$ cat target_30.cif   # mmCIF, C-alpha atoms
data_coords
#
loop_
_atom_site.group_PDB
_atom_site.id
_atom_site.type_symbol
_atom_site.label_atom_id
_atom_site.label_comp_id
_atom_site.auth_asym_id
_atom_site.auth_seq_id
_atom_site.Cartn_x
_atom_site.Cartn_y
_atom_site.Cartn_z
ATOM 1 C CA VAL A 9 125.855 85.620 18.375
ATOM 2 C CA ALA A 10 128.259 86.049 15.475
ATOM 3 C CA THR A 11 131.788 84.683 15.414
ATOM 4 C CA ILE A 12 134.367 86.581 13.419
ATOM 5 C CA ARG A 13 137.692 84.835 12.740
ATOM 6 C CA CYS A 14 140.598 86.984 11.769
ATOM 7 C CA GLY A 15 144.345 87.266 11.772
ATOM 8 C CA VAL A 16 147.219 84.829 11.981
ATOM 9 C CA GLY A 17 146.356 83.371 15.366
ATOM 10 C CA GLN A 18 142.701 82.777 14.418
ATOM 11 C CA ALA A 19 141.458 84.881 17.302
ATOM 12 C CA GLU A 20 137.709 84.806 17.718
ATOM 13 C CA VAL A 21 135.578 87.820 18.495
ATOM 14 C CA GLN A 22 131.978 87.319 19.437
ATOM 15 C CA GLU A 23 129.414 90.090 19.355
ATOM 16 C CA GLU A 24 125.694 90.004 19.610
ATOM 17 C CA LEU A 25 123.872 91.001 16.447
ATOM 18 C CA ARG A 26 121.066 93.494 16.777
ATOM 19 C CA ALA A 27 118.039 93.782 14.497
ATOM 20 C CA PRO A 28 117.448 97.217 12.951
ATOM 21 C CA GLU A 29 115.022 99.444 14.837
ATOM 22 C CA ASP A 30 112.406 99.413 12.078
ATOM 23 C CA GLY A 31 112.580 95.613 11.759
ATOM 24 C CA VAL A 32 113.469 95.788 8.059
ATOM 25 C CA GLY A 33 116.855 94.854 6.633
ATOM 26 C CA THR A 34 119.742 92.832 7.925
ATOM 27 C CA PRO A 35 120.942 92.764 11.523
ATOM 28 C CA GLU A 36 123.886 95.006 12.270
ATOM 29 C CA LEU A 37 126.705 95.087 14.788
ATOM 30 C CA PRO A 38 126.383 97.524 17.714
ATOM 31 C CA ARG A 39 127.433 101.047 16.674
ATOM 32 C CA SER A 40 127.984 104.369 18.256
ATOM 33 C CA ARG A 41 125.107 106.800 18.570
ATOM 34 C CA LEU A 42 126.430 108.995 15.750
ATOM 35 C CA ALA A 43 126.791 106.024 13.418
ATOM 36 C CA ARG A 44 123.246 104.913 14.282
ATOM 37 C CA ARG A 45 121.886 108.394 13.492
ATOM 38 C CA TRP A 46 123.834 108.431 10.222
ATOM 39 C CA ARG A 47 122.320 105.050 9.326
ATOM 40 C CA GLN A 48 118.828 106.392 10.029
ATOM 41 C CA LEU A 49 119.569 109.342 7.742
ATOM 42 C CA VAL A 50 120.751 107.019 4.956
ATOM 43 C CA ASP A 51 117.662 104.802 5.349
ATOM 44 C CA THR A 52 115.405 107.880 5.159
ATOM 45 C CA VAL A 53 117.124 108.976 1.974
ATOM 46 C CA ARG A 54 116.739 105.518 0.425
ATOM 47 C CA ARG A 55 113.032 105.461 1.176
ATOM 48 C CA SER A 56 112.419 109.029 -0.012
ATOM 49 C CA GLY A 57 114.613 109.172 -3.145
ATOM 50 C CA MET A 58 113.433 112.049 -5.332
ATOM 51 C CA VAL A 59 111.953 114.054 -2.466
ATOM 52 C CA TYR A 60 115.306 114.014 -0.690
ATOM 53 C CA LEU A 61 117.099 114.885 -3.924
ATOM 54 C CA PHE A 62 114.867 117.937 -4.427
ATOM 55 C CA SER A 63 115.312 119.004 -0.795
ATOM 56 C CA TYR A 64 119.084 118.669 -0.989
ATOM 57 C CA ALA A 65 119.196 120.548 -4.299
ATOM 58 C CA PHE A 66 117.241 123.442 -2.806
ATOM 59 C CA ILE A 67 119.417 123.624 0.314
ATOM 60 C CA SER A 68 122.555 123.483 -1.845
ATOM 61 C CA HIS A 69 121.241 126.276 -4.074
ATOM 62 C CA VAL A 70 120.636 128.488 -1.036
ATOM 63 C CA ASN A 71 124.102 127.567 0.256
ATOM 64 C CA LEU A 72 125.613 128.647 -3.080
ATOM 65 C CA ALA A 73 123.741 131.944 -2.806
ATOM 66 C CA LEU A 74 125.089 132.579 0.694
ATOM 67 C CA MET A 75 128.653 131.772 -0.348
ATOM 68 C CA PHE A 76 128.212 133.961 -3.451
ATOM 69 C CA GLY A 77 127.204 136.846 -1.195
ATOM 70 C CA VAL A 78 130.156 136.374 1.130
ATOM 71 C CA ALA A 79 132.592 136.007 -1.790
ATOM 72 C CA TRP A 80 131.159 139.164 -3.399
ATOM 73 C CA ALA A 81 131.583 141.244 -0.230
ATOM 74 C CA LEU A 82 135.102 139.924 0.392
ATOM 75 C CA PHE A 83 136.053 140.634 -3.225
ATOM 76 C CA VAL A 84 134.776 144.226 -2.998
ATOM 77 C CA ARG A 85 136.581 144.695 0.313
ATOM 78 C CA THR A 86 139.852 143.244 -0.975
ATOM 79 C CA TRP A 87 140.014 144.614 -4.517
ATOM 80 C CA HIS A 88 137.830 147.748 -4.155
ATOM 81 C CA ALA A 89 136.040 146.805 -7.363
ATOM 82 C CA CYS A 90 132.760 145.238 -8.404
ATOM 83 C CA PRO A 91 132.923 141.628 -9.653
ATOM 84 C CA ILE A 92 130.724 142.534 -12.653
ATOM 85 C CA GLU A 93 130.330 145.349 -15.131
ATOM 86 C CA PRO A 94 126.889 146.880 -14.479
ATOM 87 C CA SER A 95 124.546 146.643 -17.451
ATOM 88 C CA GLY A 96 121.923 149.131 -16.315
ATOM 89 C CA LEU A 97 119.576 146.688 -14.572
ATOM 90 C CA PRO A 98 118.568 147.282 -10.936
ATOM 91 C CA TRP A 99 121.251 145.943 -8.588
ATOM 92 C CA ALA A 100 119.058 143.118 -7.303
ATOM 93 C CA ALA A 101 118.671 141.835 -10.876
ATOM 94 C CA GLU A 102 122.359 142.459 -11.671
ATOM 95 C CA VAL A 103 123.464 140.385 -8.687
ATOM 96 C CA THR A 104 121.011 137.538 -9.323
ATOM 97 C CA CYS A 105 121.834 137.386 -13.037
ATOM 98 C CA ALA A 106 125.573 137.526 -12.302
ATOM 99 C CA PHE A 107 125.490 134.011 -10.873
ATOM 100 C CA TYR A 108 124.021 132.671 -14.104
ATOM 101 C CA ARG A 109 126.503 134.561 -16.303
ATOM 102 C CA PRO A 110 129.904 133.472 -14.960
ATOM 103 C CA VAL A 111 131.624 134.532 -18.189
ATOM 104 C CA LEU A 112 130.945 138.169 -17.258
ATOM 105 C CA LEU A 113 132.329 137.835 -13.722
ATOM 106 C CA HIS A 114 135.836 138.980 -12.837
ATOM 107 C CA ARG A 115 138.358 136.096 -12.963
ATOM 108 C CA LYS A 116 139.715 136.815 -9.487
ATOM 109 C CA PHE A 117 136.189 136.758 -8.104
ATOM 110 C CA LEU A 118 135.517 133.414 -9.781
ATOM 111 C CA ALA A 119 138.726 132.019 -8.302
ATOM 112 C CA SER A 120 137.853 133.137 -4.772
ATOM 113 C CA TYR A 121 134.237 131.979 -5.105
ATOM 114 C CA GLY A 122 135.366 128.609 -6.458
ATOM 115 C CA ALA A 123 137.827 128.173 -3.607
ATOM 116 C CA MET A 124 135.137 129.079 -1.096
ATOM 117 C CA CYS A 125 132.700 126.579 -2.637
ATOM 118 C CA LEU A 126 135.286 123.803 -2.607
ATOM 119 C CA GLY A 127 136.466 124.508 0.936
ATOM 120 C CA LEU A 128 133.407 125.700 2.815
ATOM 121 C CA GLY A 129 131.036 123.701 0.624
ATOM 122 C CA THR A 130 132.798 120.486 1.551
ATOM 123 C CA ILE A 131 132.691 121.328 5.247
ATOM 124 C CA THR A 132 128.974 122.180 5.173
ATOM 125 C CA ARG A 133 127.902 119.061 3.239
ATOM 126 C CA PRO A 134 126.820 117.039 6.322
ATOM 127 C CA LEU A 135 124.861 120.028 7.603
ATOM 128 C CA ARG A 136 123.141 120.414 4.224
ATOM 129 C CA ALA A 137 122.296 116.692 4.212
ATOM 130 C CA GLY A 138 120.624 116.995 7.601
ATOM 131 C CA MET A 139 118.776 120.163 6.645
ATOM 132 C CA ALA A 140 117.510 118.452 3.496
ATOM 133 C CA VAL A 141 115.922 115.702 5.603
ATOM 134 C CA GLY A 142 114.173 118.409 7.638
ATOM 135 C CA LEU A 143 112.897 120.074 4.463
ATOM 136 C CA MET A 144 111.443 116.874 2.987
ATOM 137 C CA PRO A 145 107.921 117.317 4.445
ATOM 138 C CA GLY A 146 107.671 120.711 2.737
ATOM 139 C CA VAL A 147 108.779 119.246 -0.581
ATOM 140 C CA ARG A 148 106.262 116.408 -0.200
ATOM 141 C CA ARG A 149 103.498 118.950 0.450
ATOM 142 C CA THR A 150 104.547 120.931 -2.630
ATOM 143 C CA ILE A 151 104.441 117.832 -4.839
ATOM 144 C CA SER A 152 101.090 116.827 -3.309
ATOM 145 C CA PHE A 153 99.721 120.318 -3.961
ATOM 146 C CA PHE A 154 100.555 120.048 -7.643
ATOM 147 C CA GLU A 155 99.258 116.466 -7.903
ATOM 148 C CA ASP A 156 96.108 116.694 -5.779
ATOM 149 C CA ARG A 157 94.919 120.281 -5.965
ATOM 150 C CA LEU A 158 96.034 121.179 -9.482
ATOM 151 C CA ARG A 159 95.551 117.611 -10.810
ATOM 152 C CA CYS A 160 98.958 117.543 -12.497
ATOM 153 C CA PRO A 161 100.510 114.246 -13.577
ATOM 154 C CA LYS A 162 103.381 113.061 -11.383
ATOM 155 C CA LEU A 163 106.113 114.053 -13.853
ATOM 156 C CA LEU A 164 104.678 117.568 -14.221
ATOM 157 C CA ALA A 165 104.311 117.886 -10.445
ATOM 158 C CA TYR A 166 107.985 116.995 -10.008
ATOM 159 C CA THR A 167 108.996 119.426 -12.754
ATOM 160 C CA LEU A 168 106.970 122.251 -11.214
ATOM 161 C CA THR A 169 108.495 121.498 -7.816
ATOM 162 C CA ILE A 170 111.980 121.830 -9.314
ATOM 163 C CA VAL A 171 111.013 125.139 -10.948
ATOM 164 C CA VAL A 172 109.647 126.469 -7.650
ATOM 165 C CA GLY A 173 112.804 125.377 -5.800
ATOM 166 C CA VAL A 174 115.176 126.937 -8.328
ATOM 167 C CA THR A 175 113.157 130.164 -8.357
ATOM 168 C CA LEU A 176 113.124 130.427 -4.562
ATOM 169 C CA GLY A 177 116.823 129.568 -4.404
ATOM 170 C CA SER A 178 117.612 132.189 -7.047
ATOM 171 C CA LEU A 179 115.776 134.823 -5.043
ATOM 172 C CA CYS A 180 118.361 134.337 -2.268
ATOM 173 C CA PHE A 181 121.341 135.665 -4.277
ATOM 174 C CA ALA A 182 120.604 139.402 -4.073
ATOM 175 C CA PRO A 183 119.722 139.412 -0.341
ATOM 176 C CA ALA A 184 122.851 137.357 0.393
ATOM 177 C CA VAL A 185 125.055 139.867 -1.442
ATOM 178 C CA PHE A 186 123.352 142.913 0.116
ATOM 179 C CA LEU A 187 123.506 141.421 3.614
ATOM 180 C CA SER A 188 127.165 140.379 3.262
ATOM 181 C CA CYS A 189 128.123 143.815 1.961
ATOM 182 C CA ALA A 190 126.222 145.475 4.831
ATOM 183 C CA VAL A 191 127.963 143.282 7.415
ATOM 184 C CA LEU A 192 131.408 144.103 5.965
ATOM 185 C CA SER A 193 130.417 147.753 5.425
ATOM 186 C CA VAL A 194 131.310 147.757 1.730
ATOM 187 C CA PRO A 195 129.237 149.050 -1.181
ATOM 188 C CA VAL A 196 127.664 146.434 -3.441
ATOM 189 C CA ALA A 197 128.997 148.169 -6.569
ATOM 190 C CA GLY A 198 132.522 148.512 -5.238
ATOM 191 C CA VAL A 199 134.420 151.778 -4.781
#
$ encode --input "target_30.cif" --output "structure tokens"
Amino acid sequence: VATIRCGVGQAEVQEELRAPEDGVGTPELPRSRLARRWRQLVDTVRRSGMVYLFSYAFISHVNLALMFGVAWALFVRTWHACPIEPSGLPWAAEVTCAFYRPVLLHRKFLASYGAMCLGLGTITRPLRAGMAVGLMPGVRRTISFFEDRLRCPKLLAYTLTIVVGVTLGSLCFAPAVFLSCAVLSVPVAGV
């Protein structure tokens, strides 16, 4: 039992301390179910470190691709123009490369995409954090594949895992744009 003294009148509040479920760490005061789940998520992240970081980075990259697609379709619908000047590449390559060449994107598109990332990206952060925890076993298997099967050193295995994640995330940009444009019934290249 813990006694907490506070305030002017020295009121005492007594609450029973509970040991953490895994038996490791310091006892904590009773919490709501949501707070307990959040604590479990934080403990998982602390134990998994780099694996969680890679998972979260991949999920965030895919989230950026989806928002890029939605922003592209809304821009074409609103302004009846394409956010980029086509350079002669196939449209799938144009769209994917456009994300990595922001200097060539239309300023109004960048403004709307930035606003969407700040607004919607902030709202989806807890969802991305939870999805990253779910993706961690796949990231662990990828790292293990590089370490065990290909006999790569740990640093190289981590580097290759990052490269695979960025490549897979980058492959989501064109489908996100094409799907968003199809849903809004607008052409990818504008009018």
$ closest_residue --input "target_30.cif" --among "A:Phe154, A:Trp46, A:Phe76, A:Phe62" --to "A:Ser120" --atoms "all atoms listed in the file"
A:Phe76
$ closest_residue --input "target_30.cif" --among "A:Ser193, A:Ser63, A:Asn71, A:Ser188" --to "A:Ile170" --atoms "all atoms listed in the file"
A:Ser63
$ atom_distance --input "target_30.cif" --atom1 "atom CA of A:Ser152" --atom2 "atom CA of A:Val172"
13.6 Å
$ closest_residue --input "target_30.cif" --among "A:Pro134, A:Met124, A:Gly142, A:Phe117" --to "A:His88" --atoms "only C-alpha atoms"
A:Phe117
$ closest_residue --input "target_30.cif" --among "A:Leu61, A:Val196, A:Ala190, A:Leu42" --to "A:Val147" --atoms "all atoms listed in the file"
A:Leu61
$ atom_distance --input "target_30.cif" --atom1 "atom CA of A:Gly77" --atom2 "atom CA of A:Ala184"
4.7 Å
$ residues_near_point --input "target_30.cif" --point "(132.4, 138.9, -6.9)" --cutoff "12 Å" --atoms "all atoms listed in the file" --output "PyMOL selection string"
chain A and resi 73+75-93+102-104+106-107+109-110+112-122+124+181+185+188-189+196-198
$ atom_distance --input "target_30.cif" --atom1 "atom CA of A:Leu168" --atom2 "atom CA of A:Tyr108"
20.2 Å
$ closest_residue --input "target_30.cif" --among "A:Leu143, A:Val111, A:Ile151, A:Ala123" --to "A:Val171" --atoms "all atoms listed in the file"
A:Ile151
$ closest_residue --input "target_30.cif" --among "A:Trp99, A:Gly177, A:Gly146, A:Leu135" --to "A:Leu72" --atoms "all atoms listed in the file"
A:Gly177
$ resolve_selection --input "target_30.cif" --expression "the PyMOL selection byres ((chain A and resi 60) around 10)" --output "number ranges by chain"
A: 52-59, 61-66, 137, 140-145, 147-148
$ decode --input "target_30.cif" --residues "stretch 49-90 of chain A" --atoms "N, CA and C atoms" --output "compact mmCIF listing (two decimals), in the first residue's frame"
# COMPACT_ATOMS: atom_id res chain seq x y z
N LEU A 49 2.66 -1.70 -25.23
CA LEU A 49 3.23 -1.29 -26.52
C LEU A 49 4.59 -0.63 -26.31
N VAL A 50 4.68 0.27 -25.34
CA VAL A 50 5.95 0.96 -25.05
C VAL A 50 7.01 -0.03 -24.60
N ASP A 51 6.64 -0.99 -23.75
CA ASP A 51 7.61 -2.00 -23.30
C ASP A 51 8.10 -2.86 -24.46
N THR A 52 7.20 -3.20 -25.39
CA THR A 52 7.59 -3.98 -26.57
C THR A 52 8.58 -3.20 -27.42
N VAL A 53 8.32 -1.92 -27.57
CA VAL A 53 9.23 -1.08 -28.36
C VAL A 53 10.60 -0.99 -27.69
N ARG A 54 10.62 -0.85 -26.38
CA ARG A 54 11.91 -0.77 -25.67
C ARG A 54 12.72 -2.04 -25.83
N ARG A 55 12.04 -3.18 -25.78
CA ARG A 55 12.75 -4.45 -25.91
C ARG A 55 13.21 -4.69 -27.35
N SER A 56 12.48 -4.18 -28.33
CA SER A 56 12.76 -4.51 -29.72
C SER A 56 13.56 -3.45 -30.47
N GLY A 57 13.67 -2.26 -29.99
CA GLY A 57 14.50 -1.20 -30.54
C GLY A 57 14.53 -1.05 -32.04
N MET A 58 15.61 -1.55 -32.67
CA MET A 58 15.82 -1.36 -34.10
C MET A 58 14.76 -2.05 -34.94
N VAL A 59 14.30 -3.20 -34.51
CA VAL A 59 13.27 -3.91 -35.28
C VAL A 59 12.00 -3.08 -35.34
N TYR A 60 11.63 -2.49 -34.20
CA TYR A 60 10.45 -1.62 -34.19
C TYR A 60 10.69 -0.39 -35.06
N LEU A 61 11.86 0.19 -34.98
CA LEU A 61 12.19 1.37 -35.78
C LEU A 61 12.04 1.06 -37.27
N PHE A 62 12.56 -0.08 -37.71
CA PHE A 62 12.43 -0.45 -39.12
C PHE A 62 10.97 -0.68 -39.50
N SER A 63 10.21 -1.33 -38.63
CA SER A 63 8.80 -1.58 -38.90
C SER A 63 8.03 -0.27 -39.02
N TYR A 64 8.28 0.63 -38.08
CA TYR A 64 7.59 1.92 -38.10
C TYR A 64 7.98 2.73 -39.33
N ALA A 65 9.25 2.68 -39.71
CA ALA A 65 9.70 3.41 -40.90
C ALA A 65 9.00 2.88 -42.15
N PHE A 66 8.86 1.57 -42.25
CA PHE A 66 8.19 1.00 -43.42
C PHE A 66 6.73 1.41 -43.46
N ILE A 67 6.03 1.28 -42.35
CA ILE A 67 4.62 1.66 -42.28
C ILE A 67 4.46 3.15 -42.60
N SER A 68 5.34 3.98 -42.11
CA SER A 68 5.26 5.42 -42.38
C SER A 68 5.51 5.71 -43.86
N HIS A 69 6.41 4.97 -44.48
CA HIS A 69 6.70 5.16 -45.90
C HIS A 69 5.47 4.80 -46.74
N VAL A 70 4.81 3.71 -46.39
CA VAL A 70 3.58 3.32 -47.09
C VAL A 70 2.50 4.36 -46.85
N ASN A 71 2.41 4.88 -45.63
CA ASN A 71 1.44 5.92 -45.32
C ASN A 71 1.70 7.18 -46.16
N LEU A 72 2.96 7.55 -46.31
CA LEU A 72 3.30 8.70 -47.17
C LEU A 72 2.87 8.44 -48.61
N ALA A 73 3.05 7.21 -49.07
CA ALA A 73 2.65 6.87 -50.45
C ALA A 73 1.14 7.01 -50.61
N LEU A 74 0.38 6.53 -49.64
CA LEU A 74 -1.07 6.62 -49.73
C LEU A 74 -1.53 8.08 -49.72
N MET A 75 -0.95 8.88 -48.83
CA MET A 75 -1.32 10.30 -48.79
C MET A 75 -0.87 11.02 -50.06
N PHE A 76 0.26 10.62 -50.63
CA PHE A 76 0.73 11.20 -51.89
C PHE A 76 -0.28 10.91 -52.99
N GLY A 77 -0.79 9.68 -53.03
CA GLY A 77 -1.80 9.32 -54.03
C GLY A 77 -3.08 10.13 -53.87
N VAL A 78 -3.54 10.26 -52.66
CA VAL A 78 -4.77 11.02 -52.42
C VAL A 78 -4.56 12.50 -52.76
N ALA A 79 -3.42 13.05 -52.34
CA ALA A 79 -3.13 14.46 -52.65
C ALA A 79 -3.03 14.68 -54.16
N TRP A 80 -2.42 13.74 -54.87
CA TRP A 80 -2.30 13.83 -56.33
C TRP A 80 -3.68 13.89 -56.97
N ALA A 81 -4.55 12.94 -56.61
CA ALA A 81 -5.88 12.88 -57.21
C ALA A 81 -6.70 14.13 -56.87
N LEU A 82 -6.61 14.59 -55.63
CA LEU A 82 -7.34 15.81 -55.26
C LEU A 82 -6.80 17.03 -56.01
N PHE A 83 -5.48 17.08 -56.20
CA PHE A 83 -4.89 18.20 -56.94
C PHE A 83 -5.38 18.20 -58.39
N VAL A 84 -5.36 17.02 -59.03
CA VAL A 84 -5.83 16.93 -60.42
C VAL A 84 -7.30 17.31 -60.50
N ARG A 85 -8.09 16.86 -59.54
CA ARG A 85 -9.52 17.17 -59.54
C ARG A 85 -9.78 18.67 -59.33
N THR A 86 -9.01 19.27 -58.45
CA THR A 86 -9.22 20.69 -58.12
C THR A 86 -8.67 21.62 -59.19
N TRP A 87 -7.43 21.39 -59.62
CA TRP A 87 -6.75 22.32 -60.51
C TRP A 87 -6.76 21.90 -61.98
N HIS A 88 -7.25 20.70 -62.27
CA HIS A 88 -7.29 20.18 -63.64
C HIS A 88 -5.92 20.22 -64.30
N ALA A 89 -4.90 19.91 -63.53
CA ALA A 89 -3.53 19.91 -64.04
C ALA A 89 -2.75 18.80 -63.34
N CYS A 90 -1.67 18.40 -63.95
CA CYS A 90 -0.80 17.38 -63.38
C CYS A 90 0.21 18.05 -62.44
